[in-house]
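See below for start.csv, which holds CSV, C-alpha atoms and all ligand atoms.
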```csv
chain,number,residue,atom,x,y,z
A,1,HIS,CA,79.3,13.0,-106.9
A,2,ALA,CA,76.3,10.7,-106.4
A,3,ASP,CA,77.8,9.6,-103.1
A,4,THR,CA,78.1,13.2,-102.0
A,5,ALA,CA,74.5,13.9,-102.9
A,6,MET,CA,73.2,10.9,-101.1
A,7,TYR,CA,75.2,11.7,-98.0
A,8,ARG,CA,73.8,15.3,-98.0
A,9,ALA,CA,70.2,14.1,-98.4
A,10,LYS,CA,70.6,11.7,-95.5
A,11,ASP,CA,72.2,14.4,-93.5
A,12,ALA,CA,69.3,16.8,-94.1
A,13,GLY,CA,66.9,14.1,-93.1
A,14,ARG,CA,68.7,13.5,-89.9
A,15,ASN,CA,68.7,17.2,-89.0
A,16,ASN,CA,65.0,17.3,-89.6
A,17,PHE,CA,64.4,14.5,-87.2
A,18,CYS,CA,66.6,16.1,-84.5
A,19,PHE,CA,64.6,19.3,-84.9
A,20,TYR,CA,61.3,17.4,-84.3
A,21,ASN,CA,62.6,15.6,-81.3
A,22,ALA,CA,64.3,18.5,-79.7
A,23,VAL,CA,61.7,21.1,-80.2
A,24,MET,CA,58.4,19.4,-80.2
A,25,GLY,CA,58.8,16.0,-78.7
A,26,GLU,CA,57.1,13.0,-80.3
A,27,ARG,CA,56.9,13.1,-84.1
A,28,ASN,CA,53.3,11.9,-84.2
A,29,TYR,CA,52.2,14.6,-81.8
A,30,THR,CA,54.1,17.1,-83.8
A,31,ASP,CA,52.5,16.1,-87.1
A,32,LEU,CA,49.1,16.3,-85.5
A,33,ALA,CA,49.7,19.7,-84.0
A,34,LEU,CA,51.1,20.9,-87.3
A,35,GLU,CA,48.2,19.5,-89.2
A,36,HIS,CA,45.7,21.2,-86.9
A,37,GLY,CA,47.7,24.4,-87.0
A,38,LEU,CA,48.1,24.3,-90.8
A,39,ARG,CA,44.4,23.8,-91.5
A,40,GLN,CA,43.7,26.7,-89.2
A,41,ALA,CA,46.4,28.9,-90.7
A,42,MET,CA,44.9,28.4,-94.1
A,43,ASP,CA,41.5,29.4,-92.8
A,44,GLN,CA,42.7,32.3,-90.7
A,45,GLU,CA,45.3,33.6,-93.1
A,46,SER,CA,48.2,33.6,-90.7
A,47,LEU,CA,50.3,32.7,-93.7
A,48,TYR,CA,52.2,35.3,-95.7
A,49,LEU,CA,55.0,35.5,-98.2
A,50,ALA,CA,58.5,36.9,-97.9
A,51,TYR,CA,60.6,37.7,-100.9
A,52,GLN,CA,64.4,37.1,-101.2
A,53,PRO,CA,66.3,39.1,-103.9
A,54,LYS,CA,68.7,37.5,-106.4
A,55,ILE,CA,71.6,39.7,-107.4
A,56,ASP,CA,74.1,39.6,-110.2
A,57,VAL,CA,77.3,40.5,-108.5
A,58,ASP,CA,79.1,41.1,-111.9
A,59,SER,CA,76.8,43.9,-113.0
A,60,GLY,CA,75.2,44.8,-109.7
A,61,ARG,CA,71.7,44.2,-111.2
A,62,TRP,CA,68.7,43.0,-109.2
A,63,VAL,CA,67.7,40.1,-111.4
A,64,GLY,CA,64.9,38.4,-109.4
A,65,MET,CA,63.4,37.5,-106.2
A,66,GLU,CA,62.0,34.3,-104.7
A,67,ALA,CA,58.6,34.1,-102.9
A,68,LEU,CA,59.0,32.1,-99.7
A,69,LEU,CA,56.0,31.0,-97.7
A,70,ARG,CA,55.9,32.0,-94.0
A,71,TRP,CA,53.6,30.7,-91.2
A,72,GLN,CA,53.5,32.6,-87.9
A,73,ASP,CA,51.4,30.4,-85.6
A,74,VAL,CA,49.9,31.6,-82.3
A,75,ASP,CA,50.8,28.4,-80.5
A,76,LEU,CA,53.7,26.9,-82.5
A,77,GLY,CA,55.4,30.2,-83.3
A,78,GLU,CA,57.2,30.6,-86.6
A,79,VAL,CA,57.0,27.3,-88.4
A,80,SER,CA,59.5,26.6,-91.1
A,81,PRO,CA,58.2,25.7,-94.6
A,82,ALA,CA,60.8,22.9,-94.6
A,83,ASP,CA,58.5,21.3,-92.0
A,84,PHE,CA,55.0,22.3,-93.1
A,85,ILE,CA,55.3,22.0,-96.9
A,86,PRO,CA,56.1,18.3,-96.8
A,87,LEU,CA,53.1,18.0,-94.4
A,88,ALA,CA,50.8,19.9,-96.7
A,89,GLU,CA,51.9,17.6,-99.5
A,90,LYS,CA,51.1,14.6,-97.4
A,91,LEU,CA,47.7,15.9,-96.3
A,92,GLY,CA,46.7,16.9,-99.8
A,93,LEU,CA,46.6,20.6,-98.9
A,94,ILE,CA,49.5,21.6,-101.2
A,95,GLU,CA,47.2,22.2,-104.2
A,96,SER,CA,45.1,24.8,-102.5
A,97,LEU,CA,48.1,26.2,-100.6
A,98,GLY,CA,50.0,26.5,-104.0
A,99,ASP,CA,47.0,28.2,-105.6
A,100,TRP,CA,47.0,30.7,-102.7
A,101,VAL,CA,50.7,31.4,-103.2
A,102,LEU,CA,50.2,32.0,-106.9
A,103,ASP,CA,47.3,34.4,-106.1
A,104,GLN,CA,49.3,36.3,-103.5
A,105,VAL,CA,52.2,36.8,-105.8
A,106,CYS,CA,49.9,38.1,-108.6
A,107,GLN,CA,48.2,40.5,-106.2
A,108,GLN,CA,51.6,41.6,-104.9
A,109,LEU,CA,53.0,42.2,-108.4
A,110,VAL,CA,50.0,44.3,-109.2
A,111,LYS,CA,50.6,46.4,-106.1
A,112,TRP,CA,54.3,46.8,-106.8
A,113,GLN,CA,53.5,47.8,-110.4
A,114,GLU,CA,51.6,50.7,-109.1
A,115,VAL,CA,54.7,52.1,-107.4
A,116,SER,CA,57.4,50.9,-109.8
A,117,SER,CA,57.7,50.9,-113.6
A,118,TRP,CA,60.2,48.0,-113.4
A,119,LEU,CA,59.9,44.7,-111.5
A,120,PRO,CA,62.4,41.9,-111.0
A,121,GLN,CA,61.1,38.5,-111.9
A,122,VAL,CA,59.4,36.6,-109.1
A,123,SER,CA,60.2,32.9,-108.6
A,124,ILE,CA,57.6,30.7,-107.1
A,125,ASN,CA,58.3,27.3,-105.5
A,126,VAL,CA,56.1,24.5,-106.8
A,127,SER,CA,55.6,21.0,-105.4
A,128,ALA,CA,55.5,17.9,-107.6
A,129,ARG,CA,51.9,17.3,-106.6
A,130,GLN,CA,50.8,20.6,-108.1
A,131,LEU,CA,52.1,19.4,-111.5
A,132,VAL,CA,50.1,16.3,-111.4
A,133,ASP,CA,47.1,18.5,-112.3
A,134,SER,CA,47.4,18.7,-116.1
A,135,SER,CA,45.5,22.0,-116.1
A,136,PHE,CA,48.2,23.7,-114.0
A,137,ALA,CA,49.7,25.6,-116.9
A,138,GLU,CA,46.4,26.7,-118.4
A,139,ARG,CA,45.1,27.8,-115.0
A,140,LEU,CA,48.4,29.8,-114.4
A,141,PHE,CA,48.1,31.5,-117.7
A,142,LYS,CA,44.4,32.4,-117.1
A,143,ARG,CA,45.3,33.7,-113.7
A,144,LEU,CA,48.1,35.9,-115.0
A,145,GLU,CA,45.8,37.2,-117.7
A,146,SER,CA,43.1,38.1,-115.2
A,147,TYR,CA,45.6,40.1,-113.2
A,148,GLY,CA,47.0,41.7,-116.4
A,149,LEU,CA,50.5,40.4,-115.7
A,150,SER,CA,53.1,39.3,-118.2
A,151,ALA,CA,54.3,35.7,-118.1
A,152,GLU,CA,57.9,36.9,-118.1
A,153,LEU,CA,57.4,38.2,-114.6
A,154,ILE,CA,57.1,34.7,-113.3
A,155,GLU,CA,59.5,31.8,-112.8
A,156,LEU,CA,58.8,28.5,-111.3
A,157,GLU,CA,61.2,26.6,-109.1
A,158,LEU,CA,61.0,22.8,-109.2
A,159,THR,CA,63.2,20.4,-107.4
A,160,GLU,CA,65.0,17.5,-109.2
A,161,SER,CA,63.0,14.9,-107.3
A,162,CYS,CA,59.9,16.5,-108.6
A,163,LEU,CA,61.2,16.1,-112.2
A,164,VAL,CA,61.9,12.4,-112.6
A,165,LEU,CA,59.8,12.4,-115.7
A,166,THR,CA,59.9,10.8,-119.1
A,167,GLU,CA,59.3,12.8,-122.2
A,168,GLU,CA,55.9,11.2,-122.5
A,169,ASP,CA,54.7,12.3,-119.0
A,170,VAL,CA,52.0,14.8,-118.6
A,171,GLN,CA,54.3,16.9,-116.5
A,172,HIS,CA,56.9,17.0,-119.2
A,173,GLN,CA,54.2,18.4,-121.6
A,174,LEU,CA,53.2,20.8,-118.9
A,175,LEU,CA,56.8,22.1,-118.7
A,176,ARG,CA,56.8,22.6,-122.5
A,177,ASP,CA,53.5,24.5,-122.3
A,178,LEU,CA,54.9,26.7,-119.6
A,179,LYS,CA,58.0,27.5,-121.6
A,180,ALA,CA,56.0,28.1,-124.7
A,181,GLY,CA,53.9,30.6,-122.8
A,182,GLY,CA,57.0,32.5,-121.6
A,183,ILE,CA,57.2,31.1,-118.1
A,184,GLN,CA,60.8,30.2,-117.0
A,185,VAL,CA,61.4,27.1,-115.0
A,186,SER,CA,64.4,26.5,-112.8
A,187,ILE,CA,65.7,23.4,-111.0
A,188,ASP,CA,65.9,24.1,-107.2
A,189,ASP,CA,68.4,22.5,-104.9
A,190,PHE,CA,70.4,21.3,-107.9
A,191,GLY,CA,73.1,18.7,-107.1
A,192,THR,CA,71.1,17.0,-104.4
A,193,GLY,CA,69.2,14.8,-106.8
A,194,TYR,CA,70.1,12.4,-109.5
A,195,SER,CA,69.6,14.2,-112.8
A,196,SER,CA,71.9,13.1,-115.6
A,197,LEU,CA,73.3,15.3,-118.2
A,198,SER,CA,71.3,13.7,-121.0
A,199,TYR,CA,68.1,13.9,-118.9
A,200,LEU,CA,68.7,17.6,-118.2
A,201,ARG,CA,69.3,18.3,-121.9
A,202,LYS,CA,65.8,17.1,-122.7
A,203,LEU,CA,64.1,19.1,-120.0
A,204,PRO,CA,62.5,22.4,-121.1
A,205,ILE,CA,64.2,24.4,-118.3
A,206,THR,CA,66.1,27.7,-118.1
A,207,THR,CA,68.0,27.8,-114.9
A,208,LEU,CA,69.9,25.6,-112.3
A,209,LYS,CA,70.0,26.8,-108.7
A,210,ILE,CA,73.1,25.3,-107.1
A,211,ASP,CA,72.0,23.9,-103.7
A,212,ALA,CA,73.2,25.8,-100.6
A,213,SER,CA,74.9,22.7,-99.2
A,214,PHE,CA,77.6,23.1,-101.9
A,215,ILE,CA,78.1,26.7,-101.1
A,216,ARG,CA,78.2,26.5,-97.3
A,217,GLU,CA,81.8,25.5,-96.9
A,218,LEU,CA,83.2,27.7,-99.6
A,219,PRO,CA,85.8,29.0,-100.1
A,220,GLU,CA,87.7,26.6,-97.7
A,221,ASN,CA,86.3,23.3,-98.9
A,222,ARG,CA,88.2,22.4,-102.1
A,223,GLU,CA,86.1,19.3,-102.9
A,224,ASP,CA,82.9,21.5,-102.8
A,225,GLU,CA,84.7,24.0,-105.0
A,226,GLN,CA,85.3,21.3,-107.5
A,227,LEU,CA,81.7,20.2,-107.4
A,228,VAL,CA,80.5,23.8,-107.9
A,229,ARG,CA,82.9,24.1,-110.9
A,230,ALA,CA,81.4,20.9,-112.3
A,231,ILE,CA,77.9,22.1,-111.9
A,232,ILE,CA,78.7,25.4,-113.5
A,233,ALA,CA,80.4,23.7,-116.4
A,234,MET,CA,77.4,21.4,-116.8
A,235,GLY,CA,75.0,24.4,-116.7
A,236,GLN,CA,77.0,26.3,-119.3
A,237,ALA,CA,77.3,23.3,-121.6
A,238,LEU,CA,73.5,23.0,-121.5
A,239,GLY,CA,73.0,26.7,-122.1
A,240,LEU,CA,71.3,27.2,-118.7
A,241,GLN,CA,71.5,30.2,-116.4
A,242,LEU,CA,73.0,29.6,-112.9
A,243,VAL,CA,72.0,30.9,-109.5
A,244,ALA,CA,73.9,30.1,-106.3
A,245,GLU,CA,71.8,29.6,-103.2
A,246,GLY,CA,72.7,30.3,-99.6
A,247,VAL,CA,75.5,32.8,-100.2
A,248,GLU,CA,76.4,34.1,-96.8
A,249,THR,CA,79.8,35.7,-97.1
A,250,PRO,CA,81.5,38.1,-99.5
A,251,ALA,CA,84.2,35.5,-100.0
A,252,GLN,CA,81.6,33.1,-101.3
A,253,ALA,CA,80.1,35.7,-103.6
A,254,GLU,CA,83.6,36.5,-104.9
A,255,LEU,CA,84.5,32.9,-105.6
A,256,LEU,CA,81.2,32.2,-107.3
A,257,GLN,CA,81.7,35.2,-109.5
A,258,LYS,CA,85.2,34.0,-110.4
A,259,LEU,CA,83.9,30.5,-111.1
A,260,GLY,CA,81.3,31.8,-113.5
A,261,CYS,CA,78.2,32.0,-111.4
A,262,PRO,CA,77.7,35.7,-110.6
A,263,VAL,CA,74.0,35.4,-109.8
A,264,CYS,CA,73.7,34.9,-106.1
A,265,GLN,CA,71.0,34.6,-103.5
A,266,GLY,CA,71.6,34.5,-99.8
A,267,PHE,CA,71.8,36.3,-96.5
A,268,TRP,CA,74.9,38.2,-97.7
A,269,MET,CA,72.9,39.9,-100.5
A,270,ALA,CA,69.6,40.1,-98.6
A,271,ARG,CA,67.4,38.0,-96.3
A,272,PRO,CA,63.9,37.2,-97.3
A,273,ALA,CA,62.0,40.5,-96.8
A,274,LEU,CA,58.4,41.6,-96.4
A,275,PRO,CA,56.6,43.2,-99.3
A,276,GLU,CA,56.9,46.7,-97.7
A,277,GLN,CA,60.7,46.3,-97.6
A,278,ILE,CA,60.8,45.1,-101.2
A,279,GLY,CA,58.6,48.2,-102.1
A,280,ALA,CA,61.2,50.5,-100.4
A,281,TRP,CA,64.0,48.8,-102.4
A,282,LEU,CA,62.0,49.2,-105.6
A,283,ALA,CA,61.5,52.9,-105.0
A,284,ARG,CA,65.3,53.2,-105.0
A,285,VAL,CA,66.0,51.2,-108.1
A,286,ASP,CA,67.5,53.4,-110.9
A,287,SER,CA,67.1,53.0,-114.7
A,288,GLN,CA,69.9,50.4,-114.8
A,289,GLN,CA,68.0,48.2,-112.4
A,290,LEU,CA,70.9,48.1,-110.0
A,291,TRP,CA,70.5,46.5,-106.6
A,292,PRO,CA,70.0,49.7,-104.4
A,293,ASP,CA,72.5,48.5,-101.8
A,294,PHE,CA,75.1,47.2,-104.2
A,295,SER,CA,77.8,49.6,-103.4
A,296,GLN,CA,77.3,48.9,-99.7
A,297,LEU,CA,77.5,45.2,-100.5
A,298,VAL,CA,80.8,45.3,-102.3
A,299,SER,CA,82.4,47.6,-99.8
A,300,LYS,CA,81.1,45.8,-96.7
B,401,LIG,P1,64.2,26.7,-101.2
B,401,LIG,O1,63.3,26.9,-102.3
B,401,LIG,O2,65.5,26.0,-101.6
B,401,LIG,O3,64.5,28.1,-100.6
B,401,LIG,C1,65.7,28.5,-100.0
B,401,LIG,C2,65.7,28.5,-98.5
B,401,LIG,O4,67.0,28.9,-98.0
B,401,LIG,C3,64.7,29.4,-97.9
B,401,LIG,O5,64.3,28.8,-96.7
B,401,LIG,C4,65.6,30.6,-97.6
B,401,LIG,O6,65.0,31.4,-96.5
B,401,LIG,C5,66.9,30.0,-97.1
B,401,LIG,N1,68.0,30.9,-97.3
B,401,LIG,C6,68.2,31.8,-98.2
B,401,LIG,N2,69.4,32.4,-98.2
B,401,LIG,C7,70.0,31.7,-97.2
B,401,LIG,C8,71.4,31.8,-96.6
B,401,LIG,O7,72.2,32.6,-97.0
B,401,LIG,N3,71.7,30.9,-95.6
B,401,LIG,C9,70.8,30.0,-95.1
B,401,LIG,N4,71.1,29.2,-94.1
B,401,LIG,N5,69.5,29.9,-95.6
B,401,LIG,C10,69.2,30.7,-96.7
B,401,LIG,P2,62.8,28.7,-96.2
B,401,LIG,O8,62.1,30.0,-96.5
B,401,LIG,O9,62.8,28.2,-94.8
B,401,LIG,O10,62.2,27.6,-97.2
B,401,LIG,C11,62.5,26.3,-97.1
B,401,LIG,C12,62.0,25.5,-98.3
B,401,LIG,O11,60.5,25.4,-98.2
B,401,LIG,C13,62.3,26.1,-99.7
B,401,LIG,O12,63.6,25.8,-100.1
B,401,LIG,C14,61.2,25.4,-100.5
B,401,LIG,O13,61.6,24.2,-100.9
B,401,LIG,C15,60.0,25.3,-99.5
B,401,LIG,N6,59.1,26.4,-99.8
B,401,LIG,C16,59.1,27.7,-99.3
B,401,LIG,N7,58.0,28.4,-99.8
B,401,LIG,C17,57.3,27.5,-100.6
B,401,LIG,C18,56.1,27.6,-101.4
B,401,LIG,O14,55.5,28.7,-101.5
B,401,LIG,N8,55.7,26.5,-102.0
B,401,LIG,C19,56.4,25.3,-102.0
B,401,LIG,N9,56.0,24.2,-102.7
B,401,LIG,N10,57.6,25.2,-101.3
B,401,LIG,C20,58.0,26.3,-100.6
B,402,MG,MG,63.3,27.7,-104.1
B,403,MG,MG,66.8,25.7,-102.9
B,404,MG,MG,65.2,23.6,-100.4
```
I need this file expressed as structure tokens, please.
Amino acid sequence: HADTAMYRAKDAGRNNFCFYNAVMGERNYTDLALEHGLRQAMDQESLYLAYQPKIDVDSGRWVGMEALLRWQDVDLGEVSPADFIPLAEKLGLIESLGDWVLDQVCQQLVKWQEVSSWLPQVSINVSARQLVDSSFAERLFKRLESYGLSAELIELELTESCLVLTEEDVQHQLLRDLKAGGIQVSIDDFGTGYSSLSYLRKLPITTLKIDASFIRELPENREDEQLVRAIIAMGQALGLQLVAEGVETPAQAELLQKLGCPVCQGFWMARPALPEQIGAWLARVDSQQLWPDFSQLVSK
């Protein structure tokens, strides 16, 4: 399993490198252009959030949605967060960018609340560097309070690499504070890092998000199916909720449901969508909080 994770991580790195070379030429030039563009984007507000639903394919319920940062640059075009988030981290811009994201989500939740009596939980991606600030939890609670929002509406997504912590670490205490205050925490891209069972057991988290690389070749790849089975078993043993990322086909959704991970997120259920689209979906949600296009989804 560890070998597979390492291989995948290297693979992802290689793809990134190819992207830089093929699309933008020299990496140094690219970083400079991105840096300049990113600083401008933060000033000029050419950043926005898209929201991608999470659906429980057992019940048909719309259980949540993930906020995903978007940057549409005049010169560079649409820049992927997979490229500019690491850069923002490196440049020390992620703290202010992260605060901006939190504010945007709060404002958006308030707007949606005006048109809908029910809202699915919104997950927000958080970088390790944001958690270095020990006041993170306190500031988040204050922010939610100032918007009049309940903590249950928010979930934070952290990657495994961001969580190589000991129980004594400030970040570990921070996770406990978040949980105590009603904020759920999930582990993003699960399976690509090195968390051990005993380590996960001690972490105050609620959900594992199975990385898309394990889903991509389902249902054909038997080895991946075994890995997914193992992750689901591990999650269940730890009493954690599970979400599958990158679900692109009905066959994948069906298999995941069969294996015990009915909560799916991916292009098959819905692509990341603009707030207006989410608002339109919210307007169609019934009292059972069913995903409005669920019947279409299962009959597609
Ligand atoms: P992530 O948190 O693992 O988000 C999932 C990524 O998979 C998103 O890419 C999403 O658009 C994409 N995706 C969803 N369903 C499918 C599918 O069925 N097939 C495929 N091929 N892809 C799918 P995106 O939006 O480009 O984001 C990339 C990464 O950037 C995120 O990975 C997250 O780590 C980071 N990121 C995005 N927004 C933020 C943010 O506000 N703050 C921080 N710190 N990181 C962010
Ligand atoms: Mg995420
Ligand atoms: Mg992920
Ligand atoms: Mg990711």
Please identify all protein, DNA and RNA residues within 9 Å of ligand LIG 401 (chain B), counting all atoms listed in the file, and report them as a PyMOL selection string.
chain A and resi 49-52+66-70+79-86+89+94+97-98+100-102+124-130+157-159+188-189+209+211-212+216+245-249+265-272
Residues within 12 Å of His172 in chain A, please, as JSON, numbers by chain. Count all atoms listed in the file; anything in the same chain fewer than 2 positions from it doesn't count.
{"A": [128, 131, 132, 134, 137, 162, 163, 164, 165, 166, 167, 168, 169, 170, 174, 175, 176, 177, 178, 179, 185, 199, 200, 202, 203, 204, 205]}
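Counting all atoms listed in the file, the residue from A:Trp112, A:Asp75, A:Val122, A:Gln296 that sits nearest to ligand MG 402 (chain B) is A:Val122.
Near Leu259 in chain A, within 9 Å and counting all atoms listed in the file, sit Glu225, Val228, Arg229, Ile232 and Glu254 of chain A; same-chain residues fewer than 5 positions away were not included.
Between ligand MG 403 (chain B) and the residues A:Glu160, A:Glu145, A:Asp293, A:Glu223, the shortest atom-to-atom distance, using only C-alpha atoms and all ligand atoms, involves A:Glu160.
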Test item: which residues lie within 12 Å of (47.2, 37.3, -93.7) counting only C-alpha atoms, as a CSV table (one decimal) with C-alpha atoms, in the coordinates of the input:
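Once written, selection-v7.csv looks like this:
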```csv
chain,number,residue,atom,x,y,z
A,41,ALA,CA,46.4,28.9,-90.7
A,42,MET,CA,44.9,28.4,-94.1
A,43,ASP,CA,41.5,29.4,-92.8
A,44,GLN,CA,42.7,32.3,-90.7
A,45,GLU,CA,45.3,33.6,-93.1
A,46,SER,CA,48.2,33.6,-90.7
A,47,LEU,CA,50.3,32.7,-93.7
A,48,TYR,CA,52.2,35.3,-95.7
A,49,LEU,CA,55.0,35.5,-98.2
A,69,LEU,CA,56.0,31.0,-97.7
A,70,ARG,CA,55.9,32.0,-94.0
A,71,TRP,CA,53.6,30.7,-91.2
A,72,GLN,CA,53.5,32.6,-87.9
A,73,ASP,CA,51.4,30.4,-85.6
A,100,TRP,CA,47.0,30.7,-102.7
A,101,VAL,CA,50.7,31.4,-103.2
A,104,GLN,CA,49.3,36.3,-103.5
```
Identify, on the basis of only C-alpha atoms, every residue whose closest approach to Leu238 in chain A does not exceed 9 Å; exclude the query and any residue fewer than 4 positions from it along the same chain; express the result as a VMD selection string.
chain A and resid 197 200 to 201 233 to 234
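For the atom pair formed by CA of Ile187 in chain A and CA of Met65 in chain A, the distance is 15.1 Å, given to one decimal.
Going from CA of Pro250 in chain A over to CA of Leu297 in chain A, you cover 8.2 Å.
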Ranking A:Gly148, A:Gly191, A:Gly77, A:Gly181 by minimum distance to ligand MG 403 (chain B) and counting all atoms listed in the file, which one comes first?
A:Gly191
Among A:Leu208, A:Leu87, A:Val74, A:Leu34, ligand MG 402 (chain B) is approached most closely, using all atoms listed in the file, by A:Leu208
Interatomic distance, CA of Gln171 in chain A to CA of Arg139 in chain A (Å, one decimal)
14.3 Å
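Contact shell of Trp281 in chain A at 12 Å (all atoms listed in the file; same-chain neighbours under 2 positions omitted): A:Tyr51, A:Gln52, A:Pro53, A:Trp62, A:Met65, A:Trp112, A:Val115, A:Ser116, A:Trp118, A:Leu119, A:Pro120, A:Ala270, A:Ala273, A:Leu274, A:Pro275, A:Glu276, A:Gln277, A:Ile278, A:Gly279, A:Ala283, A:Arg284, A:Val285, A:Asp286, A:Gln289, A:Leu290, A:Trp291, A:Pro292, A:Asp293, A:Phe294.
With distances restricted to only C-alpha atoms and all ligand atoms, A:Ile210 is the closest residue to ligand MG 402 (chain B) from A:Leu240, A:Ile210, A:Leu227, A:Ala251.
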